[in-house]
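This report refers to the structure that appears directly beneath it.
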2 protein chains.
Amino acid sequence: MPLDHIGIAVENLERSLAVYEPALSTKGSPPEVVASQRARVSFLDVGDSHLELLEPTEPDSPIGKFLAKRGEGLHHLAFHVRSVDEALDGVRARGGRLVDERARPGARGRRVGFAHPSAFLGTLVEFVEGP
Amino acid sequence: MPLDHIGIAVENLERSLAVYEPALSTKGSPPEVVASQRARVSFLDVGDSHLELLEPTEPDSPIGKFLAKRGEGLHHLAFHVRSVDEALDGVRARGGRLVDERARPGARGRRVGFAHPSAFLGTLVEFVEGP
């Protein structure tokens, strides 16, 4: 199952791009607000996958709460799948808990869905459809 | 700068492979002890990059201390570079702190080096050479 991106929680998107862009010799995508996640995000190419920098738009959003508890850093892994609903069904069938029961709209106009961290030994896993 | 792998700290390598292998439809590499990191590791293919599951061989190793403090989960990002020494020099030149001043032997017979998490806003970054 190919990796789509790694999500990194940050306090400030522009300040973070100023660190990551020169270090990785790449440019971040124009910042996009993802309403369903209450986050402002930018993607950087790292080979065939991406880093997604996520800044919370509200303190009580998932990223805002993560920052308050753990500080900036690695937040989730996202895998590329043909069907998010099928991927979520697969986690459920193996006895794993889910955050999302069904696919919902995510960044870049994609359908996404999250498993619960307990399903992957403490790692928050997202599934992302096409293209 | 292409992603080489994502390191995930785990309590038990075999139990973790039993979760990740079926979920990602892939097999982990035969477990390898990395003396310099005091960890036992296995790599799983996820597209062009890999997940590296790391189990500590000693409680006071870097992974052992991470588990004691934060529990299982995402531990580091590793990028593929031509020269680890040059990549470390680049971090230093931009004012970033380093864990390793020079490249040292890592998993899979590769030369590796770590920046300090403060150099990348809380994310531990490793550089890995060839092939």
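Chain labels run A, B, ... following the order of the structure tokens; each chain numbers its residues from 1, and ligands are numbered from 1 in the order shown.
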
Write out chain A, as a PDB file with C-alpha atoms, in the first residue's frame, after superposing it onto chain B by least squares using every C-alpha atom paired in order.
```pdb
ATOM      1  CA  MET A   1      14.864  15.447  -1.295  1.00  0.00           C
ATOM      2  CA  PRO A   2      13.206  12.021  -1.530  1.00  0.00           C
ATOM      3  CA  LEU A   3      11.843  10.278   1.517  1.00  0.00           C
ATOM      4  CA  ASP A   4      13.677   7.052   2.356  1.00  0.00           C
ATOM      5  CA  HIS A   5      11.608   5.827   5.302  1.00  0.00           C
ATOM      6  CA  ILE A   6       9.492   6.695   8.351  1.00  0.00           C
ATOM      7  CA  GLY A   7      10.675   5.267  11.661  1.00  0.00           C
ATOM      8  CA  ILE A   8       8.022   3.945  14.057  1.00  0.00           C
ATOM      9  CA  ALA A   9       8.906   3.034  17.652  1.00  0.00           C
ATOM     10  CA  VAL A  10       7.342  -0.247  18.793  1.00  0.00           C
ATOM     11  CA  GLU A  11       7.447  -2.337  21.965  1.00  0.00           C
ATOM     12  CA  ASN A  12       7.558  -5.674  20.153  1.00  0.00           C
ATOM     13  CA  LEU A  13       8.679  -6.144  16.555  1.00  0.00           C
ATOM     14  CA  GLU A  14       6.864  -9.403  15.822  1.00  0.00           C
ATOM     15  CA  ARG A  15       3.562  -8.190  17.302  1.00  0.00           C
ATOM     16  CA  SER A  16       3.857  -4.999  15.259  1.00  0.00           C
ATOM     17  CA  LEU A  17       4.598  -6.840  12.016  1.00  0.00           C
ATOM     18  CA  ALA A  18       1.479  -8.919  12.705  1.00  0.00           C
ATOM     19  CA  VAL A  19      -0.543  -5.668  12.635  1.00  0.00           C
ATOM     20  CA  TYR A  20       1.199  -3.836   9.778  1.00  0.00           C
ATOM     21  CA  GLU A  21       1.810  -6.681   7.309  1.00  0.00           C
ATOM     22  CA  PRO A  22      -1.833  -7.625   6.686  1.00  0.00           C
ATOM     23  CA  ALA A  23      -3.016  -3.994   6.860  1.00  0.00           C
ATOM     24  CA  LEU A  24      -0.518  -2.859   4.217  1.00  0.00           C
ATOM     25  CA  SER A  25      -0.479  -6.089   2.163  1.00  0.00           C
ATOM     26  CA  THR A  26       3.299  -6.303   2.395  1.00  0.00           C
ATOM     27  CA  LYS A  27       5.994  -8.305   4.223  1.00  0.00           C
ATOM     28  CA  GLY A  28       8.584  -6.887   6.579  1.00  0.00           C
ATOM     29  CA  SER A  29      12.285  -7.504   5.935  1.00  0.00           C
ATOM     30  CA  PRO A  30      14.024 -10.047   8.205  1.00  0.00           C
ATOM     31  CA  PRO A  31      14.657  -8.353  11.571  1.00  0.00           C
ATOM     32  CA  GLU A  32      18.129  -6.799  11.836  1.00  0.00           C
ATOM     33  CA  VAL A  33      19.927  -5.544  14.953  1.00  0.00           C
ATOM     34  CA  VAL A  34      21.363  -2.043  14.430  1.00  0.00           C
ATOM     35  CA  ALA A  35      24.125  -1.862  17.006  1.00  0.00           C
ATOM     36  CA  SER A  36      24.674   1.912  16.729  1.00  0.00           C
ATOM     37  CA  GLN A  37      20.996   2.560  17.538  1.00  0.00           C
ATOM     38  CA  ARG A  38      20.562  -0.328  19.994  1.00  0.00           C
ATOM     39  CA  ALA A  39      17.413  -1.350  18.123  1.00  0.00           C
ATOM     40  CA  ARG A  40      16.060  -4.342  16.243  1.00  0.00           C
ATOM     41  CA  VAL A  41      14.375  -3.209  13.028  1.00  0.00           C
ATOM     42  CA  SER A  42      12.323  -4.409  10.075  1.00  0.00           C
ATOM     43  CA  PHE A  43      11.449  -2.472   6.900  1.00  0.00           C
ATOM     44  CA  LEU A  44       8.133  -2.656   5.019  1.00  0.00           C
ATOM     45  CA  ASP A  45       7.728  -1.337   1.462  1.00  0.00           C
ATOM     46  CA  VAL A  46       5.114   1.415   1.095  1.00  0.00           C
ATOM     47  CA  GLY A  47       5.489   2.529  -2.523  1.00  0.00           C
ATOM     48  CA  ASP A  48       8.930   4.039  -3.127  1.00  0.00           C
ATOM     49  CA  SER A  49       9.629   4.498   0.578  1.00  0.00           C
ATOM     50  CA  HIS A  50       9.509   2.272   3.643  1.00  0.00           C
ATOM     51  CA  LEU A  51       8.238   2.014   7.175  1.00  0.00           C
ATOM     52  CA  GLU A  52      11.001   1.099   9.643  1.00  0.00           C
ATOM     53  CA  LEU A  53       9.644  -0.568  12.779  1.00  0.00           C
ATOM     54  CA  LEU A  54      12.150  -0.131  15.647  1.00  0.00           C
ATOM     55  CA  GLU A  55      12.141  -2.213  18.846  1.00  0.00           C
ATOM     56  CA  PRO A  56      14.682  -1.206  21.517  1.00  0.00           C
ATOM     57  CA  THR A  57      17.298  -3.792  22.512  1.00  0.00           C
ATOM     58  CA  GLU A  58      17.895  -1.895  25.796  1.00  0.00           C
ATOM     59  CA  PRO A  59      15.536   0.277  27.881  1.00  0.00           C
ATOM     60  CA  ASP A  60      18.017   3.188  28.007  1.00  0.00           C
ATOM     61  CA  SER A  61      18.495   3.254  24.212  1.00  0.00           C
ATOM     62  CA  PRO A  62      17.039   6.177  22.218  1.00  0.00           C
ATOM     63  CA  ILE A  63      13.976   4.117  21.209  1.00  0.00           C
ATOM     64  CA  GLY A  64      13.592   2.709  24.722  1.00  0.00           C
ATOM     65  CA  LYS A  65      13.559   6.214  26.203  1.00  0.00           C
ATOM     66  CA  PHE A  66      11.129   7.438  23.527  1.00  0.00           C
ATOM     67  CA  LEU A  67       8.722   4.580  24.366  1.00  0.00           C
ATOM     68  CA  ALA A  68       8.949   5.321  28.090  1.00  0.00           C
ATOM     69  CA  LYS A  69       8.161   8.995  27.502  1.00  0.00           C
ATOM     70  CA  ARG A  70       5.675   8.984  24.600  1.00  0.00           C
ATOM     71  CA  GLY A  71       4.632   5.397  23.944  1.00  0.00           C
ATOM     72  CA  GLU A  72       4.544   3.632  20.612  1.00  0.00           C
ATOM     73  CA  GLY A  73       4.210   5.682  17.434  1.00  0.00           C
ATOM     74  CA  LEU A  74       5.896   7.859  14.817  1.00  0.00           C
ATOM     75  CA  HIS A  75       9.555   8.436  15.701  1.00  0.00           C
ATOM     76  CA  HIS A  76      11.517   9.945  12.787  1.00  0.00           C
ATOM     77  CA  LEU A  77      11.642  10.791   9.079  1.00  0.00           C
ATOM     78  CA  ALA A  78      14.587   9.729   6.929  1.00  0.00           C
ATOM     79  CA  PHE A  79      15.569  11.355   3.643  1.00  0.00           C
ATOM     80  CA  HIS A  80      17.709   9.901   0.904  1.00  0.00           C
ATOM     81  CA  VAL A  81      20.852  11.963   0.212  1.00  0.00           C
ATOM     82  CA  ARG A  82      24.017  11.623  -1.868  1.00  0.00           C
ATOM     83  CA  SER A  83      26.215  12.539   1.108  1.00  0.00           C
ATOM     84  CA  VAL A  84      25.166  12.395   4.765  1.00  0.00           C
ATOM     85  CA  ASP A  85      28.114  14.583   5.758  1.00  0.00           C
ATOM     86  CA  GLU A  86      27.029  17.277   3.270  1.00  0.00           C
ATOM     87  CA  ALA A  87      23.418  17.060   4.489  1.00  0.00           C
ATOM     88  CA  LEU A  88      24.535  17.455   8.130  1.00  0.00           C
ATOM     89  CA  ASP A  89      26.757  20.381   7.095  1.00  0.00           C
ATOM     90  CA  GLY A  90      23.713  21.981   5.447  1.00  0.00           C
ATOM     91  CA  VAL A  91      21.650  21.746   8.642  1.00  0.00           C
ATOM     92  CA  ARG A  92      24.539  23.218  10.644  1.00  0.00           C
ATOM     93  CA  ALA A  93      24.991  26.042   8.116  1.00  0.00           C
ATOM     94  CA  ARG A  94      21.307  27.005   8.557  1.00  0.00           C
ATOM     95  CA  GLY A  95      21.830  27.159  12.328  1.00  0.00           C
ATOM     96  CA  GLY A  96      20.276  23.773  13.125  1.00  0.00           C
ATOM     97  CA  ARG A  97      21.509  21.504  15.937  1.00  0.00           C
ATOM     98  CA  LEU A  98      22.754  17.995  15.150  1.00  0.00           C
ATOM     99  CA  VAL A  99      22.672  14.639  16.939  1.00  0.00           C
ATOM    100  CA  ASP A 100      25.486  13.302  14.743  1.00  0.00           C
ATOM    101  CA  GLU A 101      28.362  15.525  13.670  1.00  0.00           C
ATOM    102  CA  ARG A 102      29.400  13.016  11.002  1.00  0.00           C
ATOM    103  CA  ALA A 103      27.884   9.999   9.202  1.00  0.00           C
ATOM    104  CA  ARG A 104      27.901   6.682  11.078  1.00  0.00           C
ATOM    105  CA  PRO A 105      26.858   3.100  10.232  1.00  0.00           C
ATOM    106  CA  GLY A 106      23.094   2.512  10.217  1.00  0.00           C
ATOM    107  CA  ALA A 107      20.577  -0.157   9.201  1.00  0.00           C
ATOM    108  CA  ARG A 108      20.900  -2.016   5.864  1.00  0.00           C
ATOM    109  CA  GLY A 109      24.643  -1.269   5.754  1.00  0.00           C
ATOM    110  CA  ARG A 110      23.978   2.399   4.964  1.00  0.00           C
ATOM    111  CA  ARG A 111      25.737   5.510   6.263  1.00  0.00           C
ATOM    112  CA  VAL A 112      23.296   7.638   8.267  1.00  0.00           C
ATOM    113  CA  GLY A 113      23.218  10.771  10.394  1.00  0.00           C
ATOM    114  CA  PHE A 114      20.581  12.479  12.550  1.00  0.00           C
ATOM    115  CA  ALA A 115      19.747  16.159  12.968  1.00  0.00           C
ATOM    116  CA  HIS A 116      18.347  17.276  16.334  1.00  0.00           C
ATOM    117  CA  PRO A 117      14.518  17.567  16.452  1.00  0.00           C
ATOM    118  CA  SER A 118      14.860  21.303  17.152  1.00  0.00           C
ATOM    119  CA  ALA A 119      16.357  21.739  13.650  1.00  0.00           C
ATOM    120  CA  PHE A 120      13.020  20.655  12.109  1.00  0.00           C
ATOM    121  CA  LEU A 121      10.400  22.074  14.484  1.00  0.00           C
ATOM    122  CA  GLY A 122      10.139  18.994  16.685  1.00  0.00           C
ATOM    123  CA  THR A 123      10.599  16.345  14.001  1.00  0.00           C
ATOM    124  CA  LEU A 124      13.618  14.036  14.272  1.00  0.00           C
ATOM    125  CA  VAL A 125      15.204  13.885  10.789  1.00  0.00           C
ATOM    126  CA  GLU A 126      17.700  11.270   9.584  1.00  0.00           C
ATOM    127  CA  PHE A 127      19.751  11.364   6.382  1.00  0.00           C
ATOM    128  CA  VAL A 128      20.564   8.084   4.610  1.00  0.00           C
ATOM    129  CA  GLU A 129      23.075   7.470   1.785  1.00  0.00           C
ATOM    130  CA  GLY A 130      22.578   5.289  -1.334  1.00  0.00           C
ATOM    131  CA  PRO A 131      22.235   2.994  -3.059  1.00  0.00           C
TER     132      PRO A 131
END
```

DSSP-assigned strand (DSSP E or B) among stretch 2-123 of chain B, expressed as an MDAnalysis selection string: chainID B and resid 3:9 28 32:34 39:46 49:56 73:81 98 104:105 111:115

Would you mind exporting the chosen residues as an mmCIF file, in the first residue's frame, restricted to C-alpha atoms?
```cif
data_model
loop_
_atom_site.group_PDB
_atom_site.id
_atom_site.type_symbol
_atom_site.label_atom_id
_atom_site.label_comp_id
_atom_site.auth_asym_id
_atom_site.auth_seq_id
_atom_site.Cartn_x
_atom_site.Cartn_y
_atom_site.Cartn_z
ATOM 1 C CA LEU B 3 11.839 10.274 1.511
ATOM 2 C CA ASP B 4 13.680 7.040 2.357
ATOM 3 C CA HIS B 5 11.593 5.838 5.302
ATOM 4 C CA ILE B 6 9.492 6.686 8.346
ATOM 5 C CA GLY B 7 10.688 5.264 11.651
ATOM 6 C CA ILE B 8 8.027 3.944 14.060
ATOM 7 C CA ALA B 9 8.913 3.031 17.659
ATOM 8 C CA GLY B 28 8.580 -6.889 6.589
ATOM 9 C CA GLU B 32 18.129 -6.799 11.833
ATOM 10 C CA VAL B 33 19.925 -5.546 14.958
ATOM 11 C CA VAL B 34 21.366 -2.050 14.429
ATOM 12 C CA ALA B 39 17.420 -1.357 18.117
ATOM 13 C CA ARG B 40 16.053 -4.334 16.224
ATOM 14 C CA VAL B 41 14.367 -3.213 13.025
ATOM 15 C CA SER B 42 12.328 -4.423 10.066
ATOM 16 C CA PHE B 43 11.445 -2.477 6.902
ATOM 17 C CA LEU B 44 8.124 -2.657 5.016
ATOM 18 C CA ASP B 45 7.728 -1.339 1.463
ATOM 19 C CA VAL B 46 5.108 1.427 1.098
ATOM 20 C CA SER B 49 9.625 4.502 0.588
ATOM 21 C CA HIS B 50 9.495 2.279 3.650
ATOM 22 C CA LEU B 51 8.228 2.021 7.171
ATOM 23 C CA GLU B 52 10.989 1.101 9.643
ATOM 24 C CA LEU B 53 9.644 -0.565 12.782
ATOM 25 C CA LEU B 54 12.142 -0.131 15.642
ATOM 26 C CA GLU B 55 12.129 -2.206 18.843
ATOM 27 C CA PRO B 56 14.680 -1.207 21.505
ATOM 28 C CA GLY B 73 4.214 5.697 17.441
ATOM 29 C CA LEU B 74 5.894 7.851 14.818
ATOM 30 C CA HIS B 75 9.549 8.424 15.699
ATOM 31 C CA HIS B 76 11.517 9.938 12.780
ATOM 32 C CA LEU B 77 11.638 10.784 9.075
ATOM 33 C CA ALA B 78 14.591 9.727 6.925
ATOM 34 C CA PHE B 79 15.570 11.359 3.640
ATOM 35 C CA HIS B 80 17.721 9.894 0.898
ATOM 36 C CA VAL B 81 20.849 11.970 0.218
ATOM 37 C CA LEU B 98 22.754 17.991 15.155
ATOM 38 C CA ARG B 104 27.883 6.678 11.082
ATOM 39 C CA PRO B 105 26.849 3.112 10.229
ATOM 40 C CA ARG B 111 25.753 5.508 6.256
ATOM 41 C CA VAL B 112 23.299 7.635 8.266
ATOM 42 C CA GLY B 113 23.211 10.788 10.400
ATOM 43 C CA PHE B 114 20.571 12.483 12.560
ATOM 44 C CA ALA B 115 19.751 16.168 12.980
#
```

Alpha helix (DSSP H) call set, DSSP backbone run, chain B, as a VMD selection string: chain B and resid 13 to 24 62 to 70 84 to 93
